[in-house]
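Asker: Contents are compact mmCIF, C-alpha atoms; file name my_file_18.txt:
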```txt
# COMPACT_ATOMS: atom_id res chain seq x y z
CA MET A 68 141.97 312.44 106.83
CA SER A 69 145.01 313.27 104.73
CA GLY A 70 147.04 316.43 105.09
CA ILE A 71 145.60 319.87 104.47
CA ILE A 72 147.64 321.71 101.85
CA LEU A 73 147.82 325.49 101.98
CA LYS A 74 149.67 327.98 99.79
CA PRO A 75 151.02 331.40 100.80
CA ILE A 76 148.88 334.25 99.45
CA GLY A 77 151.82 336.60 100.06
CA PHE A 78 154.79 337.36 102.25
CA ILE A 79 155.68 339.84 104.97
CA SER A 80 158.61 342.23 104.75
CA SER A 81 159.28 342.96 108.39
CA PRO A 82 162.06 344.68 110.34
CA PHE A 83 162.70 341.43 112.25
CA LYS A 84 165.32 339.46 110.36
CA ARG A 85 166.10 337.01 113.15
CA LEU A 86 163.89 335.15 115.64
CA GLU A 87 165.67 336.77 118.60
CA GLU A 88 164.57 340.23 117.48
CA ILE A 89 160.84 339.52 117.67
CA PRO A 90 158.91 340.99 120.61
CA PRO A 91 156.86 338.49 122.60
CA GLN A 92 153.54 340.07 121.57
CA SER A 93 152.46 342.45 118.82
CA THR A 94 151.26 345.00 121.38
CA HIS A 95 154.90 345.33 122.44
CA ALA A 96 155.76 346.35 118.89
CA LYS A 97 152.99 348.86 118.42
CA ASP A 98 155.05 351.30 116.39
CA LYS A 99 156.82 348.79 114.13
CA THR A 100 155.58 348.82 110.57
CA ALA A 101 155.88 346.19 107.88
CA ILE A 102 154.60 345.42 104.40
CA ILE A 103 152.48 342.45 103.40
CA GLU A 104 152.84 341.87 99.68
CA ILE A 105 149.98 339.83 98.28
CA MET A 106 150.54 337.88 95.07
CA GLU A 107 149.14 339.52 91.96
CA GLU A 108 146.68 336.65 91.39
CA TYR A 109 144.90 337.45 94.69
CA LYS A 110 144.92 341.25 94.37
CA GLU A 111 141.21 341.55 93.54
CA GLY A 112 140.39 339.93 96.90
CA LEU A 113 141.81 343.01 98.70
CA LYS A 114 138.99 345.23 97.44
CA ASP A 115 137.02 346.91 100.28
CA LEU A 116 139.58 345.90 102.92
CA ASP A 117 140.53 349.58 103.26
CA ASN A 118 137.20 350.07 105.06
CA TYR A 119 138.78 348.49 108.14
CA SER A 120 141.30 349.98 110.55
CA HIS A 121 142.64 346.60 111.69
CA ILE A 122 143.06 343.19 110.08
CA ILE A 123 143.49 339.62 111.28
CA VAL A 124 146.52 337.96 109.68
CA GLN A 125 146.94 334.20 109.76
CA PHE A 126 150.47 333.15 108.93
CA TYR A 127 152.91 330.26 108.85
CA PHE A 128 155.85 330.02 111.25
CA HIS A 129 158.21 329.10 108.41
CA LYS A 130 161.28 328.79 110.66
CA SER A 131 159.59 326.42 113.08
CA LYS A 132 160.69 322.89 112.25
CA ASP A 133 159.25 320.84 115.08
CA TYR A 134 157.02 321.11 118.13
CA ASP A 135 157.03 320.59 121.90
CA LEU A 136 153.82 319.69 123.75
CA MET A 137 155.28 321.29 126.89
CA THR A 138 157.16 324.55 126.48
CA THR A 139 158.43 327.60 128.32
CA THR A 140 157.37 331.18 127.61
CA PRO A 141 159.36 334.42 127.90
CA TRP A 142 157.52 335.17 131.18
CA SER A 143 158.19 332.06 133.25
CA LYS A 144 160.61 329.18 133.63
CA GLU A 145 157.71 326.83 134.27
CA LYS A 146 156.75 324.62 131.35
CA LYS A 147 153.22 324.94 130.02
CA GLY A 148 151.08 323.01 127.58
CA VAL A 149 151.82 324.40 124.10
CA PHE A 150 148.14 325.22 123.44
CA ALA A 151 148.20 327.48 126.51
CA THR A 152 151.02 329.50 124.90
CA ARG A 153 151.74 331.29 121.64
CA SER A 154 155.00 329.39 121.03
CA PRO A 155 155.79 328.92 117.32
CA ARG A 156 156.83 325.31 118.04
CA ARG A 157 153.30 323.90 117.74
CA PRO A 158 151.89 320.79 115.97
CA ASN A 159 150.61 323.09 113.20
CA PRO A 160 152.99 326.05 113.11
CA VAL A 161 150.34 328.66 112.35
CA GLY A 162 150.04 332.05 113.99
CA VAL A 163 147.39 334.71 114.12
CA THR A 164 147.76 338.37 114.92
CA ILE A 165 145.72 341.54 114.76
CA VAL A 166 147.50 344.51 113.23
CA LYS A 167 146.64 348.04 112.24
CA LEU A 168 146.11 348.52 108.50
CA LYS A 169 147.71 351.82 107.59
CA SER A 170 147.27 351.78 103.82
CA ILE A 171 146.87 349.62 100.75
CA ASP A 172 148.79 350.37 97.57
CA GLY A 173 148.09 347.79 94.87
CA CYS A 174 149.26 344.46 96.27
CA LYS A 175 151.07 346.05 99.22
CA LEU A 176 149.51 346.48 102.65
CA GLU A 177 151.31 348.70 105.11
CA ILE A 178 150.65 347.35 108.59
CA GLN A 179 151.59 348.44 112.09
CA GLY A 180 152.04 346.34 115.23
CA VAL A 181 154.11 343.56 113.77
CA ASP A 182 155.49 340.47 115.47
CA MET A 183 156.31 338.36 112.45
CA LEU A 184 159.68 337.42 111.05
CA ASP A 185 160.79 338.83 107.71
CA GLN A 186 159.62 336.64 104.79
CA THR A 187 156.83 335.04 106.82
CA PRO A 188 154.30 333.40 104.49
CA VAL A 189 150.80 334.86 104.88
CA LEU A 190 147.93 332.36 104.72
CA ASP A 191 144.92 334.60 105.08
CA ILE A 192 143.70 338.10 105.83
CA LYS A 193 140.33 338.99 107.35
CA PRO A 194 138.78 342.20 108.62
CA TYR A 195 138.96 342.72 112.36
CA VAL A 196 135.73 343.92 113.91
CA ALA A 197 136.12 344.68 117.61
CA SER A 198 132.41 344.35 118.33
CA LEU A 199 132.48 340.71 117.18
CA ASN A 200 134.95 339.78 119.89
CA PRO A 201 133.55 338.42 123.11
CA VAL A 202 133.38 340.65 126.12
CA ILE A 203 135.29 338.95 128.91
CA GLU A 204 133.31 339.14 132.12
CA MET R 282 157.83 327.71 98.03
CA SER R 283 155.97 324.42 97.95
CA GLY R 284 152.68 323.77 99.73
CA ILE R 285 152.34 323.98 103.49
CA ILE R 286 151.00 320.73 104.89
CA LEU R 287 148.94 320.81 108.07
CA LYS R 288 147.22 318.04 110.01
CA PRO R 289 144.08 318.29 112.15
CA ILE R 290 144.86 318.22 115.89
CA GLY R 291 141.23 317.34 116.54
CA PHE R 292 137.66 317.80 115.38
CA ILE R 293 134.61 319.75 116.47
CA SER R 294 131.29 318.15 117.36
CA SER R 295 128.89 321.00 116.78
CA PRO R 296 125.10 321.34 116.61
CA PHE R 297 125.41 322.64 113.04
CA LYS R 298 125.20 319.68 110.68
CA ARG R 299 124.63 321.70 107.51
CA LEU R 300 126.17 324.93 106.21
CA GLU R 301 122.78 326.64 106.11
CA GLU R 302 122.39 326.26 109.87
CA ILE R 303 125.48 328.26 110.79
CA PRO R 304 124.97 331.78 112.14
CA PRO R 305 126.92 334.51 110.33
CA GLN R 306 129.12 335.26 113.37
CA SER R 307 129.93 333.43 116.57
CA THR R 308 128.51 336.28 118.66
CA HIS R 309 125.13 335.42 117.13
CA ALA R 310 125.48 331.92 118.55
CA LYS R 311 126.54 332.92 122.04
CA ASP R 312 124.60 330.16 123.78
CA LYS R 313 125.48 327.29 121.44
CA THR R 314 127.92 324.81 122.91
CA ALA R 315 130.10 322.27 121.17
CA ILE R 316 132.93 319.88 121.92
CA ILE R 317 136.43 320.01 120.50
CA GLU R 318 138.00 316.58 120.79
CA ILE R 319 141.78 316.73 120.56
CA MET R 320 143.67 313.64 119.45
CA GLU R 321 145.25 311.64 122.27
CA GLU R 322 148.77 312.33 120.96
CA TYR R 323 148.35 316.09 121.58
CA LYS R 324 146.58 315.84 124.96
CA GLU R 325 149.61 316.96 127.00
CA GLY R 326 149.61 320.26 125.09
CA LEU R 327 146.26 321.17 126.70
CA LYS R 328 147.83 321.49 130.15
CA ASP R 329 147.31 324.96 131.71
CA LEU R 330 144.75 325.98 129.08
CA ASP R 331 142.06 325.87 131.79
CA ASN R 332 143.59 329.09 133.19
CA TYR R 333 141.87 330.95 130.36
CA SER R 334 138.20 331.83 129.96
CA HIS R 335 138.37 332.12 126.16
CA ILE R 336 140.41 330.47 123.42
CA ILE R 337 141.34 331.24 119.83
CA VAL R 338 140.51 328.35 117.52
CA GLN R 339 142.02 328.14 114.05
CA PHE R 340 140.21 325.67 111.85
CA TYR R 341 139.81 324.35 108.33
CA PHE R 342 136.66 325.00 106.27
CA HIS R 343 136.53 321.35 105.17
CA LYS R 344 133.40 321.79 103.04
CA SER R 345 134.82 324.69 101.08
CA LYS R 346 136.08 323.36 97.78
CA ASP R 347 137.00 326.50 95.85
CA TYR R 348 137.26 330.25 96.26
CA ASP R 349 135.94 333.52 94.87
CA LEU R 350 138.03 336.69 94.95
CA MET R 351 134.81 338.73 94.93
CA THR R 352 131.94 337.49 97.08
CA THR R 353 128.70 338.52 98.72
CA THR R 354 128.05 338.46 102.47
CA PRO R 355 124.81 337.79 104.37
CA TRP R 356 124.48 341.56 104.96
CA SER R 357 124.60 343.00 101.45
CA LYS R 358 124.03 342.09 97.83
CA GLU R 359 127.10 344.05 96.84
CA LYS R 360 130.17 341.94 96.06
CA LYS R 361 133.24 342.53 98.17
CA GLY R 362 136.86 341.42 98.03
CA VAL R 363 137.08 338.06 99.82
CA PHE R 364 139.76 339.30 102.25
CA ALA R 365 137.31 341.99 103.42
CA THR R 366 134.85 339.22 104.38
CA ARG R 367 134.77 336.05 106.47
CA SER R 368 133.51 333.89 103.59
CA PRO R 369 134.71 330.26 103.78
CA ARG R 370 135.38 330.33 100.02
CA ARG R 371 138.90 331.80 100.36
CA PRO R 372 142.25 330.92 98.72
CA ASN R 373 143.26 329.16 101.95
CA PRO R 374 140.02 327.96 103.56
CA VAL R 375 141.07 328.64 107.14
CA GLY R 376 138.94 330.27 109.79
CA VAL R 377 139.58 331.73 113.19
CA THR R 378 137.16 332.28 116.02
CA ILE R 379 137.21 333.19 119.69
CA VAL R 380 135.04 331.02 121.90
CA LYS R 381 134.38 330.65 125.58
CA LEU R 382 136.14 327.67 127.17
CA LYS R 383 133.65 326.14 129.61
CA SER R 384 135.61 323.06 130.72
CA ILE R 385 138.27 320.55 129.78
CA ASP R 386 137.78 316.86 130.43
CA GLY R 387 140.72 314.81 129.17
CA CYS R 388 140.88 315.41 125.42
CA LYS R 389 137.47 317.11 125.29
CA LEU R 390 137.02 320.87 125.45
CA GLU R 391 133.51 322.15 125.98
CA ILE R 392 133.21 325.49 124.21
CA GLN R 393 130.48 328.08 123.87
CA GLY R 394 129.84 330.57 121.07
CA VAL R 395 130.25 328.25 118.13
CA ASP R 396 130.02 329.00 114.43
CA MET R 397 131.71 325.93 113.02
CA LEU R 398 130.20 323.05 111.13
CA ASP R 399 130.08 319.61 112.74
CA GLN R 400 133.28 317.61 112.07
CA THR R 401 135.33 320.72 111.34
CA PRO R 402 139.05 319.92 111.58
CA VAL R 403 140.82 322.02 114.22
CA LEU R 404 144.30 323.25 113.29
CA ASP R 405 145.33 325.08 116.44
CA ILE R 406 144.22 326.39 119.80
CA LYS R 407 145.70 329.37 121.62
CA PRO R 408 144.77 331.29 124.75
CA TYR R 409 142.79 334.47 124.17
CA VAL R 410 144.00 337.41 126.19
CA ALA R 411 141.76 340.45 125.74
CA SER R 412 144.45 342.91 126.83
CA LEU R 413 146.66 341.82 123.92
CA ASN R 414 144.10 342.93 121.39
CA PRO R 415 144.48 346.41 119.99
CA VAL R 416 142.22 349.13 121.24
CA ILE R 417 140.45 350.59 118.24
CA GLU R 418 140.50 354.36 118.44
```
Can you dump the structure from the file as structure tokens?
Answerer:
Amino acid sequence: MSGIILKPIGFISSPFKRLEEIPPQSTHAKDKTAIIEIMEEYKEGLKDLDNYSHIIVQFYFHKSKDYDLMTTTPWSKEKKGVFATRSPRRPNPVGVTIVKLKSIDGCKLEIQGVDMLDQTPVLDIKPYVASLNPVIE
Amino acid sequence: MSGIILKPIGFISSPFKRLEEIPPQSTHAKDKTAIIEIMEEYKEGLKDLDNYSHIIVQFYFHKSKDYDLMTTTPWSKEKKGVFATRSPRRPNPVGVTIVKLKSIDGCKLEIQGVDMLDQTPVLDIKPYVASLNPVIE
């Protein structure tokens, strides 16, 4: 199979201008807000999204240039398999996060609970429905 | 920005051979199991993943050839903006699901709660930690 080619549907304007400023998890940045600006050509696809309080954002780690199969996390010096972490240095540098959707104004989504770098390319947005998540026994 | 090129890290062997067989949400397929087979070159990255009961799987809707900005869902005849749905016909045909991780045997992950088509390319795997998800007020 040849490569899968994706295109940003928009970009994030976030308060985090440098990698070092990003909190390890979005729940640690609960009060940080940011704007996702969707390209005009995709604007119609945002219709009805304002029915949801939270959204799932899939994005591209645009500053991540390579990957490590074993990596450390902010919580331990022990190396772990990359798929057991949320490190941006992954074979496919894609991330996913759930954020609060505060408002939509045209192509601009105001979101809260941000852990993405400024100018992060957004690949997809989906509604987040808590009841569809598994209950962990 | 030019296109973002991703490569499958593995493929899913699922009981769903045709699109019509797929349940609308993974929670409706709670008892269906499947295998994710990761390519040998990424095997080391699976280390420590068996500490988690559930994983987040990002995947490529490989049978989705185009997109609609307005689309219907299985629950309503009314058209909705595609980003307010989980339709595979999206500008970037990427999906994300949370599944139960039953076991890991070498490069093979046995998972439960599957809503992906057989031979779906897997883009990424991450641990699912329920406490990192937002609590919806």
Asker: Give me, as a ChimeraX atom specification, all polymer residues having an atom no more than 9 Å from Lys311 of chain R, counting only C-alpha atoms and skipping those fewer than 5 positions away in the same chain.
Answerer: /A:201 /R:380-381,393-395
Asker: Dump as a Markdown table the rows for residues of segment 112-178 of chain A within 12 Å of segment 75-84 of chain A: closest atom pair and distance in Å with one decimal, all atoms listed in the file counted, ordered by chain and rising residue number.
Answerer:
```
| residue | atom | partner | partner_atom | distance |
| --- | --- | --- | --- | --- |
| A:Gly112 | CA | A:Ile76 | CA | 10.5 |
| A:Leu113 | CA | A:Ile76 | CA | 11.3 |
| A:Val124 | CA | A:Ile79 | CA | 10.5 |
| A:Gln125 | CA | A:Pro75 | CA | 10.2 |
| A:Phe126 | CA | A:Pro75 | CA | 8.3 |
| A:Tyr127 | CA | A:Pro75 | CA | 8.3 |
| A:Phe128 | CA | A:Pro75 | CA | 11.6 |
| A:His129 | CA | A:Pro75 | CA | 10.7 |
| A:Lys130 | CA | A:Lys84 | CA | 11.4 |
| A:Val161 | CA | A:Pro75 | CA | 11.9 |
| A:Cys174 | CA | A:Gly77 | CA | 9.1 |
| A:Lys175 | CA | A:Gly77 | CA | 9.5 |
| A:Leu176 | CA | A:Ile79 | CA | 9.4 |
| A:Glu177 | CA | A:Ser80 | CA | 9.8 |
| A:Ile178 | CA | A:Ser81 | CA | 9.7 |
```
Asker: Could you write out the selected residues, including C-alpha atoms, as a PDB file, in the coordinates of the input?
Answerer:
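Just written: part-v5.pdb:
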```
ATOM      1  CA  GLY A 112     140.390 339.930  96.900  1.00  0.00           C
ATOM      2  CA  LEU A 113     141.810 343.010  98.700  1.00  0.00           C
ATOM      3  CA  VAL A 124     146.520 337.960 109.680  1.00  0.00           C
ATOM      4  CA  GLN A 125     146.940 334.200 109.760  1.00  0.00           C
ATOM      5  CA  PHE A 126     150.470 333.150 108.930  1.00  0.00           C
ATOM      6  CA  TYR A 127     152.910 330.260 108.850  1.00  0.00           C
ATOM      7  CA  PHE A 128     155.850 330.020 111.250  1.00  0.00           C
ATOM      8  CA  HIS A 129     158.210 329.100 108.410  1.00  0.00           C
ATOM      9  CA  LYS A 130     161.280 328.790 110.660  1.00  0.00           C
ATOM     10  CA  VAL A 161     150.340 328.660 112.350  1.00  0.00           C
ATOM     11  CA  CYS A 174     149.260 344.460  96.270  1.00  0.00           C
ATOM     12  CA  LYS A 175     151.070 346.050  99.220  1.00  0.00           C
ATOM     13  CA  LEU A 176     149.510 346.480 102.650  1.00  0.00           C
ATOM     14  CA  GLU A 177     151.310 348.700 105.110  1.00  0.00           C
ATOM     15  CA  ILE A 178     150.650 347.350 108.590  1.00  0.00           C
TER      16      ILE A 178
END
```
Asker: Identify every residue of chain R that has at least one atom within 6 Å of any atom of chain A, counting only C-alpha atoms, and report the result as number ranges by chain.
Answerer: R: 284-288, 325-330, 350, 362-365, 373, 406-408
Asker: Between atom CA of Asp312 of chain R and atom CA of Gly387 of chain R, what is the spacing in Å?
Answerer: 22.9 Å
Asker: Can you work out the spacing between atom CA of Ser170 of chain A and atom CA of Thr100 of chain A in Å, to one decimal?
Answerer: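 Atom-to-atom, atom CA of Ser170 of chain A and atom CA of Thr100 of chain A are spaced 11.1 Å apart.
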Asker: Would you mind reading off the distance between atom CA of Ser357 of chain R and atom CA of Ala315 of chain R, one decimal, in Å?
Answerer: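 That distance, rounded to one decimal, is 29.1 Å.
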Asker: Could you give me chain A least-squares fitted onto chain R (all C-alpha atoms, paired in order), as a JSON list (two decimals) with C-alpha atoms, in the frame of the given file?
Answerer:
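Saved result, out.json, follows:
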```
[["chain", "number", "residue", "atom", "x", "y", "z"],
["A", 68, "MET", "CA", 157.77, 327.72, 97.97],
["A", 69, "SER", "CA", 155.94, 324.41, 97.94],
["A", 70, "GLY", "CA", 152.68, 323.77, 99.74],
["A", 71, "ILE", "CA", 152.34, 323.99, 103.50],
["A", 72, "ILE", "CA", 150.99, 320.73, 104.90],
["A", 73, "LEU", "CA", 148.94, 320.81, 108.08],
["A", 74, "LYS", "CA", 147.23, 318.03, 110.02],
["A", 75, "PRO", "CA", 144.08, 318.29, 112.17],
["A", 76, "ILE", "CA", 144.88, 318.21, 115.89],
["A", 77, "GLY", "CA", 141.22, 317.33, 116.54],
["A", 78, "PHE", "CA", 137.67, 317.78, 115.39],
["A", 79, "ILE", "CA", 134.62, 319.75, 116.47],
["A", 80, "SER", "CA", 131.30, 318.15, 117.37],
["A", 81, "SER", "CA", 128.89, 321.00, 116.79],
["A", 82, "PRO", "CA", 125.11, 321.35, 116.62],
["A", 83, "PHE", "CA", 125.42, 322.65, 113.04],
["A", 84, "LYS", "CA", 125.20, 319.68, 110.69],
["A", 85, "ARG", "CA", 124.63, 321.69, 107.52],
["A", 86, "LEU", "CA", 126.18, 324.92, 106.21],
["A", 87, "GLU", "CA", 122.78, 326.64, 106.11],
["A", 88, "GLU", "CA", 122.38, 326.26, 109.87],
["A", 89, "ILE", "CA", 125.49, 328.25, 110.78],
["A", 90, "PRO", "CA", 124.99, 331.78, 112.13],
["A", 91, "PRO", "CA", 126.94, 334.49, 110.32],
["A", 92, "GLN", "CA", 129.12, 335.25, 113.36],
["A", 93, "SER", "CA", 129.93, 333.42, 116.58],
["A", 94, "THR", "CA", 128.50, 336.28, 118.66],
["A", 95, "HIS", "CA", 125.12, 335.41, 117.13],
["A", 96, "ALA", "CA", 125.46, 331.92, 118.56],
["A", 97, "LYS", "CA", 126.53, 332.91, 122.04],
["A", 98, "ASP", "CA", 124.62, 330.16, 123.80],
["A", 99, "LYS", "CA", 125.46, 327.29, 121.45],
["A", 100, "THR", "CA", 127.90, 324.80, 122.90],
["A", 101, "ALA", "CA", 130.10, 322.28, 121.17],
["A", 102, "ILE", "CA", 132.93, 319.87, 121.93],
["A", 103, "ILE", "CA", 136.42, 320.00, 120.50],
["A", 104, "GLU", "CA", 138.01, 316.58, 120.79],
["A", 105, "ILE", "CA", 141.78, 316.74, 120.58],
["A", 106, "MET", "CA", 143.67, 313.64, 119.46],
["A", 107, "GLU", "CA", 145.24, 311.65, 122.27],
["A", 108, "GLU", "CA", 148.77, 312.32, 120.96],
["A", 109, "TYR", "CA", 148.33, 316.08, 121.57],
["A", 110, "LYS", "CA", 146.58, 315.85, 124.95],
["A", 111, "GLU", "CA", 149.60, 316.96, 126.99],
["A", 112, "GLY", "CA", 149.61, 320.26, 125.07],
["A", 113, "LEU", "CA", 146.25, 321.18, 126.69],
["A", 114, "LYS", "CA", 147.83, 321.50, 130.14],
["A", 115, "ASP", "CA", 147.30, 324.97, 131.71],
["A", 116, "LEU", "CA", 144.73, 325.99, 129.08],
["A", 117, "ASP", "CA", 142.05, 325.87, 131.79],
["A", 118, "ASN", "CA", 143.58, 329.08, 133.16],
["A", 119, "TYR", "CA", 141.86, 330.96, 130.34],
["A", 120, "SER", "CA", 138.19, 331.84, 129.96],
["A", 121, "HIS", "CA", 138.36, 332.12, 126.16],
["A", 122, "ILE", "CA", 140.40, 330.46, 123.43],
["A", 123, "ILE", "CA", 141.33, 331.24, 119.83],
["A", 124, "VAL", "CA", 140.52, 328.33, 117.52],
["A", 125, "GLN", "CA", 142.02, 328.14, 114.05],
["A", 126, "PHE", "CA", 140.21, 325.66, 111.85],
["A", 127, "TYR", "CA", 139.81, 324.35, 108.33],
["A", 128, "PHE", "CA", 136.68, 324.98, 106.26],
["A", 129, "HIS", "CA", 136.54, 321.34, 105.19],
["A", 130, "LYS", "CA", 133.41, 321.78, 103.05],
["A", 131, "SER", "CA", 134.84, 324.68, 101.09],
["A", 132, "LYS", "CA", 136.09, 323.36, 97.76],
["A", 133, "ASP", "CA", 137.01, 326.50, 95.87],
["A", 134, "TYR", "CA", 137.28, 330.26, 96.27],
["A", 135, "ASP", "CA", 135.94, 333.53, 94.85],
["A", 136, "LEU", "CA", 138.04, 336.71, 94.96],
["A", 137, "MET", "CA", 134.81, 338.74, 94.93],
["A", 138, "THR", "CA", 131.95, 337.51, 97.08],
["A", 139, "THR", "CA", 128.70, 338.53, 98.73],
["A", 140, "THR", "CA", 128.04, 338.48, 102.47],
["A", 141, "PRO", "CA", 124.81, 337.80, 104.37],
["A", 142, "TRP", "CA", 124.45, 341.58, 104.97],
["A", 143, "SER", "CA", 124.60, 343.00, 101.45],
["A", 144, "LYS", "CA", 124.02, 342.10, 97.83],
["A", 145, "GLU", "CA", 127.12, 344.05, 96.85],
["A", 146, "LYS", "CA", 130.17, 341.95, 96.07],
["A", 147, "LYS", "CA", 133.26, 342.53, 98.18],
["A", 148, "GLY", "CA", 136.87, 341.44, 98.03],
["A", 149, "VAL", "CA", 137.09, 338.07, 99.81],
["A", 150, "PHE", "CA", 139.76, 339.32, 102.25],
["A", 151, "ALA", "CA", 137.30, 341.99, 103.41],
["A", 152, "THR", "CA", 134.84, 339.23, 104.38],
["A", 153, "ARG", "CA", 134.79, 336.07, 106.46],
["A", 154, "SER", "CA", 133.51, 333.90, 103.59],
["A", 155, "PRO", "CA", 134.70, 330.28, 103.79],
["A", 156, "ARG", "CA", 135.39, 330.34, 100.03],
["A", 157, "ARG", "CA", 138.90, 331.80, 100.37],
["A", 158, "PRO", "CA", 142.25, 330.91, 98.71],
["A", 159, "ASN", "CA", 143.26, 329.16, 101.96],
["A", 160, "PRO", "CA", 140.03, 327.95, 103.55],
["A", 161, "VAL", "CA", 141.08, 328.64, 107.13],
["A", 162, "GLY", "CA", 138.94, 330.26, 109.79],
["A", 163, "VAL", "CA", 139.59, 331.72, 113.19],
["A", 164, "THR", "CA", 137.16, 332.29, 116.01],
["A", 165, "ILE", "CA", 137.22, 333.20, 119.68],
["A", 166, "VAL", "CA", 135.04, 331.03, 121.89],
["A", 167, "LYS", "CA", 134.37, 330.65, 125.58],
["A", 168, "LEU", "CA", 136.12, 327.66, 127.17],
["A", 169, "LYS", "CA", 133.66, 326.13, 129.60],
["A", 170, "SER", "CA", 135.61, 323.07, 130.71],
["A", 171, "ILE", "CA", 138.27, 320.56, 129.78],
["A", 172, "ASP", "CA", 137.79, 316.86, 130.43],
["A", 173, "GLY", "CA", 140.73, 314.82, 129.17],
["A", 174, "CYS", "CA", 140.89, 315.41, 125.42],
["A", 175, "LYS", "CA", 137.49, 317.11, 125.29],
["A", 176, "LEU", "CA", 137.01, 320.87, 125.45],
["A", 177, "GLU", "CA", 133.51, 322.15, 125.99],
["A", 178, "ILE", "CA", 133.21, 325.49, 124.21],
["A", 179, "GLN", "CA", 130.48, 328.09, 123.87],
["A", 180, "GLY", "CA", 129.84, 330.56, 121.06],
["A", 181, "VAL", "CA", 130.26, 328.23, 118.13],
["A", 182, "ASP", "CA", 130.01, 328.99, 114.43],
["A", 183, "MET", "CA", 131.71, 325.92, 113.02],
["A", 184, "LEU", "CA", 130.20, 323.03, 111.13],
["A", 185, "ASP", "CA", 130.07, 319.60, 112.74],
["A", 186, "GLN", "CA", 133.27, 317.60, 112.07],
["A", 187, "THR", "CA", 135.33, 320.72, 111.34],
["A", 188, "PRO", "CA", 139.05, 319.92, 111.58],
["A", 189, "VAL", "CA", 140.82, 322.00, 114.23],
["A", 190, "LEU", "CA", 144.31, 323.24, 113.31],
["A", 191, "ASP", "CA", 145.34, 325.07, 116.44],
["A", 192, "ILE", "CA", 144.22, 326.37, 119.81],
["A", 193, "LYS", "CA", 145.70, 329.37, 121.62],
["A", 194, "PRO", "CA", 144.76, 331.29, 124.75],
["A", 195, "TYR", "CA", 142.79, 334.46, 124.17],
["A", 196, "VAL", "CA", 144.00, 337.42, 126.19],
["A", 197, "ALA", "CA", 141.76, 340.46, 125.74],
["A", 198, "SER", "CA", 144.44, 342.91, 126.84],
["A", 199, "LEU", "CA", 146.67, 341.82, 123.94],
["A", 200, "ASN", "CA", 144.11, 342.94, 121.40],
["A", 201, "PRO", "CA", 144.48, 346.42, 119.99],
["A", 202, "VAL", "CA", 142.24, 349.15, 121.23],
["A", 203, "ILE", "CA", 140.45, 350.61, 118.24],
["A", 204, "GLU", "CA", 140.50, 354.38, 118.42]]
```
Asker: Need the shell around Arg370 of chain R: protein/DNA/RNA residues with any atom at most 6 Å away, counting all atoms listed in the file. Skip same-chain ones fewer than 4 positions apart. Format as a ChimeraX atom specification?
Answerer: /R:345,347-348
Asker: Filtering to C-alpha atoms, could you give me those residues as a JSON list (two decimals), in the coordinates of the input?
Answerer:
```
[["chain", "number", "residue", "atom", "x", "y", "z"],
["R", 345, "SER", "CA", 134.82, 324.69, 101.08],
["R", 347, "ASP", "CA", 137.00, 326.50, 95.85],
["R", 348, "TYR", "CA", 137.26, 330.25, 96.26]]
```
Asker: Could you check the closest approach to Leu184 of chain A for each of A:Glu107, A:Lys144, A:Pro155, A:Thr139 and tell me which residue wins, using all atoms listed in the file?
Answerer: A:Pro155
